[in-house]
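Everything below belongs to model.txt, which stores compact mmCIF, C-alpha atoms.
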# COMPACT_ATOMS: atom_id res chain seq x y z
CA MET C 29 -11.30 18.19 21.81
CA LYS C 30 -14.00 15.69 20.88
CA ALA C 31 -12.72 12.21 19.99
CA ILE C 32 -13.56 11.05 16.46
CA GLU C 33 -15.75 7.93 16.36
CA GLN C 34 -14.39 5.34 13.93
CA GLU C 35 -15.95 1.99 13.13
CA PRO C 36 -14.31 -0.72 15.29
CA MET C 37 -11.84 -3.18 13.79
CA TYR C 38 -12.65 -6.92 13.79
CA LEU C 39 -10.02 -7.66 16.46
CA PRO C 40 -10.92 -5.64 19.60
CA GLU C 41 -7.97 -7.05 21.57
CA VAL C 42 -5.56 -5.78 18.93
CA GLU C 43 -7.23 -2.38 18.82
CA ALA C 44 -7.17 -2.06 22.63
CA ASN C 45 -3.52 -2.98 23.18
CA PRO C 46 -1.03 -0.84 21.30
CA GLN C 47 2.47 -1.53 22.64
CA PRO C 48 5.08 1.20 23.11
CA SER C 49 6.23 2.07 19.58
CA PRO C 50 6.21 4.98 17.16
CA TYR C 51 2.86 3.62 15.89
CA ALA C 52 1.30 3.86 19.37
CA ASP C 53 2.59 7.46 19.48
CA LEU C 54 1.11 8.16 16.02
CA ILE C 55 -2.30 6.87 17.18
CA HIS C 56 -2.03 8.88 20.40
CA VAL C 57 -1.05 12.24 18.90
CA THR C 58 -3.61 11.95 16.09
CA LYS C 59 -6.47 10.94 18.43
CA THR C 60 -5.50 13.62 20.95
CA ALA C 61 -5.72 16.21 18.19
CA GLY C 62 -9.27 14.98 17.51
CA ARG C 63 -8.50 13.80 14.01
CA GLU C 64 -9.14 10.57 12.14
CA TYR C 65 -6.26 8.09 12.26
CA TRP C 66 -5.31 5.05 10.23
CA GLN C 67 -6.41 1.79 11.90
CA ILE C 68 -3.52 -0.01 10.19
CA TRP C 69 -1.33 1.65 12.83
CA HIS C 70 -3.00 -0.69 15.38
CA LEU C 71 -1.87 -3.70 13.34
CA PHE C 72 1.70 -2.42 13.56
CA ALA C 73 1.45 -1.33 17.21
CA PHE C 74 0.13 -4.65 18.60
CA ARG C 75 3.43 -6.54 18.02
CA PRO C 76 6.11 -3.94 17.20
CA GLU C 77 8.92 -6.49 17.54
CA VAL C 78 7.40 -8.34 14.59
CA THR C 79 6.08 -5.47 12.49
CA SER C 80 9.15 -3.21 12.70
CA HIS C 81 10.73 -5.54 10.13
CA LEU C 82 7.70 -5.17 7.87
CA ALA C 83 7.95 -1.38 8.13
CA SER C 84 11.64 -1.48 7.11
CA PHE C 85 10.86 -3.91 4.30
CA THR C 86 8.08 -1.64 3.07
CA GLU C 87 10.41 1.35 3.17
CA GLY C 88 12.89 -0.61 1.02
CA VAL C 89 10.35 -1.88 -1.50
CA MET C 90 8.63 1.50 -1.89
CA ARG C 91 11.49 3.97 -1.45
CA ALA C 92 14.88 2.36 -2.26
CA PRO C 93 16.62 3.67 -5.40
CA SER C 94 15.19 1.92 -8.48
CA SER C 95 14.48 2.63 -12.13
CA ILE C 96 10.78 2.39 -11.15
CA SER C 97 9.95 5.85 -9.79
CA LEU C 98 8.39 6.34 -6.35
CA GLY C 99 5.19 7.58 -7.99
CA LEU C 100 4.92 4.58 -10.30
CA ARG C 101 5.51 2.21 -7.37
CA GLU C 102 2.67 3.91 -5.47
CA LEU C 103 0.46 3.63 -8.55
CA ILE C 104 1.22 -0.10 -8.79
CA ALA C 105 0.35 -0.40 -5.06
CA ALA C 106 -2.94 1.49 -5.56
CA TYR C 107 -3.84 -0.56 -8.67
CA THR C 108 -3.10 -3.88 -6.94
CA SER C 109 -5.22 -2.80 -3.94
CA TRP C 110 -8.02 -1.67 -6.28
CA MET C 111 -8.09 -5.12 -7.90
CA ASN C 112 -8.30 -6.73 -4.45
CA ASP C 113 -11.07 -4.27 -3.53
CA CYS C 114 -9.13 -3.11 -0.45
CA GLN C 115 -10.65 0.32 0.00
CA PHE C 116 -8.36 1.53 2.76
CA CYS C 117 -5.26 0.50 0.78
CA TRP C 118 -6.23 1.85 -2.63
CA ARG C 119 -7.46 5.15 -1.24
CA SER C 120 -4.26 5.57 0.79
CA HIS C 121 -1.85 4.77 -2.03
CA ALA C 122 -3.86 6.53 -4.73
CA ALA C 123 -3.39 9.65 -2.60
CA VAL C 124 0.38 9.11 -2.32
CA ALA C 125 0.62 8.35 -6.06
CA ALA C 126 -1.39 11.49 -6.90
CA GLU C 127 0.97 13.57 -4.79
CA LEU C 128 4.14 12.06 -6.32
CA LEU C 129 2.87 12.02 -9.92
CA GLY C 130 1.28 15.44 -9.55
CA SER C 131 -2.15 14.40 -10.86
CA GLU C 132 -5.09 12.91 -9.01
CA GLU C 133 -6.99 12.76 -12.31
CA LEU C 134 -4.34 10.50 -13.89
CA VAL C 135 -4.41 8.11 -10.92
CA HIS C 136 -8.20 7.90 -10.92
CA SER C 137 -8.32 7.36 -14.69
CA VAL C 138 -5.92 4.40 -14.32
CA LEU C 139 -8.08 2.84 -11.61
CA ARG C 140 -11.31 3.43 -13.54
CA ASP C 141 -10.01 2.01 -16.83
CA LEU C 142 -6.31 1.35 -17.40
CA GLU C 143 -6.59 0.90 -21.18
CA SER C 144 -8.30 4.24 -21.88
CA SER C 145 -6.13 6.16 -19.38
CA PRO C 146 -3.41 8.53 -20.65
CA LEU C 147 -0.65 6.49 -18.91
CA PRO C 148 2.34 5.77 -21.23
CA GLU C 149 2.10 2.36 -22.97
CA ASN C 150 5.21 0.95 -21.26
CA GLU C 151 3.75 1.75 -17.83
CA LYS C 152 0.41 0.19 -18.82
CA ALA C 153 2.37 -2.99 -19.61
CA LEU C 154 3.71 -3.04 -16.02
CA LEU C 155 0.20 -2.62 -14.58
CA ARG C 156 -1.16 -5.40 -16.83
CA PHE C 157 1.59 -7.59 -15.40
CA ALA C 158 0.51 -6.53 -11.87
CA ALA C 159 -3.05 -7.57 -12.75
CA LYS C 160 -1.85 -10.96 -13.97
CA ILE C 161 0.11 -11.67 -10.78
CA THR C 162 -2.86 -10.64 -8.65
CA LYS C 163 -5.68 -12.35 -10.56
CA GLN C 164 -4.13 -15.16 -12.60
CA LEU C 165 -1.43 -16.73 -10.48
CA PRO C 166 -2.64 -20.35 -10.95
CA GLU C 167 -2.61 -19.89 -14.75
CA MET C 168 0.90 -18.43 -14.57
CA CYS C 169 2.05 -21.44 -12.53
CA GLN C 170 0.60 -23.86 -15.09
CA GLN C 171 2.38 -22.08 -17.95
CA GLY C 172 5.69 -22.54 -16.15
CA ARG C 173 5.05 -26.20 -15.37
CA GLY C 174 7.07 -27.46 -18.37
CA SER C 175 10.34 -26.98 -16.54
CA SER C 176 9.21 -28.12 -13.06
CA PRO C 177 12.08 -29.51 -10.96
CA PHE C 178 9.52 -31.58 -9.02
CA PRO C 179 7.62 -33.50 -11.69
CA GLY C 180 6.31 -36.02 -9.14
CA LEU C 181 4.57 -33.26 -7.23
CA ASP C 182 2.76 -31.81 -10.23
CA ARG C 183 -1.00 -31.69 -9.88
CA MET S 9 8.16 -11.17 -19.30
CA GLU S 10 8.85 -10.72 -23.04
CA ALA S 11 6.06 -8.14 -23.22
CA LEU S 12 7.86 -6.14 -20.51
CA HIS S 13 11.35 -6.55 -21.95
CA SER S 14 10.10 -5.45 -25.37
CA GLN S 15 8.72 -2.28 -23.70
CA GLY S 16 12.24 -1.53 -22.50
CA TRP S 17 11.88 -2.65 -18.88
CA THR S 18 14.95 -4.19 -17.27
CA ASP S 19 14.97 -7.14 -14.91
CA GLU S 20 15.62 -4.66 -12.09
CA ALA S 21 12.39 -2.82 -12.95
CA ILE S 22 10.44 -6.07 -13.15
CA TYR S 23 12.00 -7.20 -9.85
CA PHE S 24 10.67 -4.07 -8.08
CA THR S 25 7.26 -4.41 -9.73
CA ILE S 26 6.93 -7.98 -8.46
CA LEU S 27 8.01 -6.84 -4.96
CA VAL S 28 5.39 -4.08 -4.85
CA VAL S 29 2.57 -6.28 -6.19
CA SER S 30 3.43 -9.15 -3.83
CA LEU S 31 3.74 -6.85 -0.81
CA PHE S 32 0.37 -5.24 -1.52
CA ASN S 33 -1.35 -8.55 -2.07
CA PHE S 34 -0.17 -9.27 1.48
CA TYR S 35 -1.23 -5.86 2.87
CA ASN S 36 -4.65 -6.07 1.17
CA ARG S 37 -5.35 -9.40 2.86
CA TRP S 38 -3.98 -8.31 6.25
CA VAL S 39 -5.91 -5.02 6.26
CA THR S 40 -9.24 -6.33 4.90
CA THR S 41 -9.32 -9.37 7.17
CA SER S 42 -8.45 -7.38 10.31
CA GLY S 43 -11.12 -4.76 9.69
CA VAL S 44 -9.09 -1.65 8.85
CA HIS S 45 -11.63 0.86 7.57
CA PRO S 46 -11.08 3.66 5.10
CA VAL S 47 -11.13 7.22 6.44
CA SER S 48 -12.59 10.37 4.88
CA LYS S 49 -11.37 11.51 1.46
CA GLU S 50 -9.71 14.58 3.01
CA VAL S 51 -7.79 12.55 5.58
CA HIS S 52 -6.64 10.04 2.93
CA ARG S 53 -5.43 13.01 0.91
CA SER S 54 -3.57 14.67 3.79
CA HIS S 55 -2.02 11.40 5.02
CA GLY S 56 -1.03 10.64 1.42
CA LYS S 57 0.73 13.98 1.09
CA ARG S 58 2.67 13.39 4.29
CA LEU S 59 3.54 9.79 3.40
CA ALA S 60 4.90 10.98 0.03
CA LEU S 61 7.35 13.13 1.98
CA SER S 62 8.18 10.96 4.98
CA GLY S 63 8.35 7.45 3.53
CA TYR S 64 7.48 4.37 5.60
CA GLU S 65 9.89 4.48 8.54
CA PRO S 66 7.56 5.00 11.52
CA LYS S 67 9.84 7.54 13.25
CA HIS S 68 9.81 9.76 10.17
CA ARG S 69 6.05 9.41 9.92
CA LEU S 70 5.62 10.42 13.55
CA ASP S 71 7.84 13.48 13.00
CA GLY S 72 5.79 14.41 9.90
CA MET S 73 2.51 14.02 11.78
CA GLN S 74 3.69 16.09 14.74
CA LYS S 75 4.85 18.83 12.40
CA ALA S 76 1.51 18.79 10.55
CA LEU S 77 -0.50 18.92 13.77
CA SER S 78 1.56 21.81 15.13
CA GLU S 79 0.81 23.76 11.94
CA TYR S 80 -2.86 22.83 12.00
Output the file's structure as structure tokens, nothing else.
Amino acid sequence: MKAIEQEPMYLPEVEANPQPSPYADLIHVTKTAGREYWQIWHLFAFRPEVTSHLASFTEGVMRAPSSISLGLRELIAAYTSWMNDCQFCWRSHAAVAAELLGSEELVHSVLRDLESSPLPENEKALLRFAAKITKQLPEMCQQGRGSSPFPGLDR
Amino acid sequence: MEALHSQGWTDEAIYFTILVVSLFNFYNRWVTTSGVHPVSKEVHRSHGKRLALSGYEPKHRLDGMQKALSEY
């Protein structure tokens, strides 16, 4: 089967050297089948001894039992990635969120304009908080400065 | 935080929200800076469907992918 041409990553050495790992296998089986694969797998496959911990951590953050549903966590991930203009990430997690929440339209409406989307008000509040952490961290730090344990180090 | 507590969210819920947002701020930087490109809409959709089922453990993802390819 014809190999799919994908735009090269910025780190050719990383892309050319997947180490034995489930990620290298994922790249191999997907490429062999002539289908597009996720280049993020190369980031994991280059140093599996380091990234295996990140994979487990991600599994915990995104899938461990919590009062925040799996779908809402994926929506928060997609929304954060949208704000950072990370196309690969928001497209990936918008797709997972759409699957888990059962509506691609809802996910896209949140990304387009949170306030006018039909998301419940309490969930909008969580996404506004996500926006604040992502875009206004310095302001948040300044607000908390009143109780700094290191007054001498304050800017 | 008060805005979230008044909406009925517990500290546990806020804890997970902060984890997800922080983790994805990391991933967004890692992915963008290393040159990970988006794929076609269809492939994002099909990977998304599988990821929703398999979760993030790479062995489960590999199993899911092999199953999908065998059915393809």
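Atom CA of C:Leu54 is positioned 8.4 Å from atom CA of S:Gln74.
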Hey, could you make a per-residue contact list for chain S against chain C with 8 Å as the cut-off, showing the nearest pair of atoms and its distance in Å to one decimal, counting all atoms listed in the file, sorted by chain and number, as CSV?
residue,atom,partner,partner_atom,distance
S:Ala11,CA,C:Ala153,CA,7.3
S:Leu12,CA,C:Ala153,CA,6.4
S:Gln15,CA,C:Asn150,CA,5.4
S:Gly16,CA,C:Asn150,CA,7.6
S:Trp17,CA,C:Asn150,CA,7.9
S:Glu20,CA,C:Ser95,CA,7.4
S:Ala21,CA,C:Ile96,CA,5.7
S:Ile22,CA,C:Leu154,CA,7.9
S:Phe24,CA,C:Val89,CA,6.9
S:Thr25,CA,C:Arg101,CA,7.2
S:Ile26,CA,C:Ala158,CA,7.4
S:Leu27,CA,C:Val89,CA,6.5
S:Val28,CA,C:Ala105,CA,6.2
S:Val29,CA,C:Ala158,CA,6.0
S:Leu31,CA,C:Thr86,CA,7.8
S:Phe32,CA,C:Ala105,CA,6.0
S:Asn33,CA,C:Thr108,CA,7.0
S:Tyr35,CA,C:Cys117,CA,7.8
S:Asn36,CA,C:Cys114,CA,5.6
S:Val39,CA,C:Ile68,CA,6.8
S:Thr40,CA,C:Cys114,CA,6.2
S:Thr41,CA,C:Tyr38,CA,7.8
S:Ser42,CA,C:Tyr38,CA,5.5
S:Gly43,CA,C:Met37,CA,4.5
S:Val44,CA,C:Gln67,CA,5.3
S:His45,CA,C:Phe116,CA,5.9
S:Pro46,CA,C:Phe116,CA,4.2
S:Val47,CA,C:Glu64,CA,6.9
S:Lys49,CA,C:Arg119,CA,7.9
S:Val51,CA,C:Glu64,CA,7.0
S:His52,CA,C:Ser120,CA,5.5
S:Arg53,CA,C:Ala123,CA,5.3
S:His55,CA,C:Ser120,CA,7.5
S:Gly56,CA,C:Val124,CA,4.3
S:Lys57,CA,C:Glu127,CA,5.9
S:Leu59,CA,C:Val124,CA,6.6
S:Ala60,CA,C:Val124,CA,5.4
S:Gly63,CA,C:Glu87,CA,6.4
S:Tyr64,CA,C:Glu87,CA,4.9
S:Glu65,CA,C:Ala83,CA,6.2
S:Pro66,CA,C:Pro50,CA,5.8
S:Lys67,CA,C:Pro50,CA,5.9
S:Arg69,CA,C:Leu54,CA,7.9
S:Leu70,CA,C:Leu54,CA,5.6
S:Met73,CA,C:Leu54,CA,7.4
S:Gln74,CA,C:Val57,CA,7.4
S:Leu77,CA,C:Ala61,CA,7.4
ask   = Suppose you want the space between atom CA of C:Pro48 and atom CA of S:Ser48; what is it in Å?
value =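 Atom CA of C:Pro48 sits 27.0 Å away from atom CA of S:Ser48.
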query = So how far away is atom CA of C:His56 from atom CA of S:Gly72, in Å?
reply = 14.2 Å
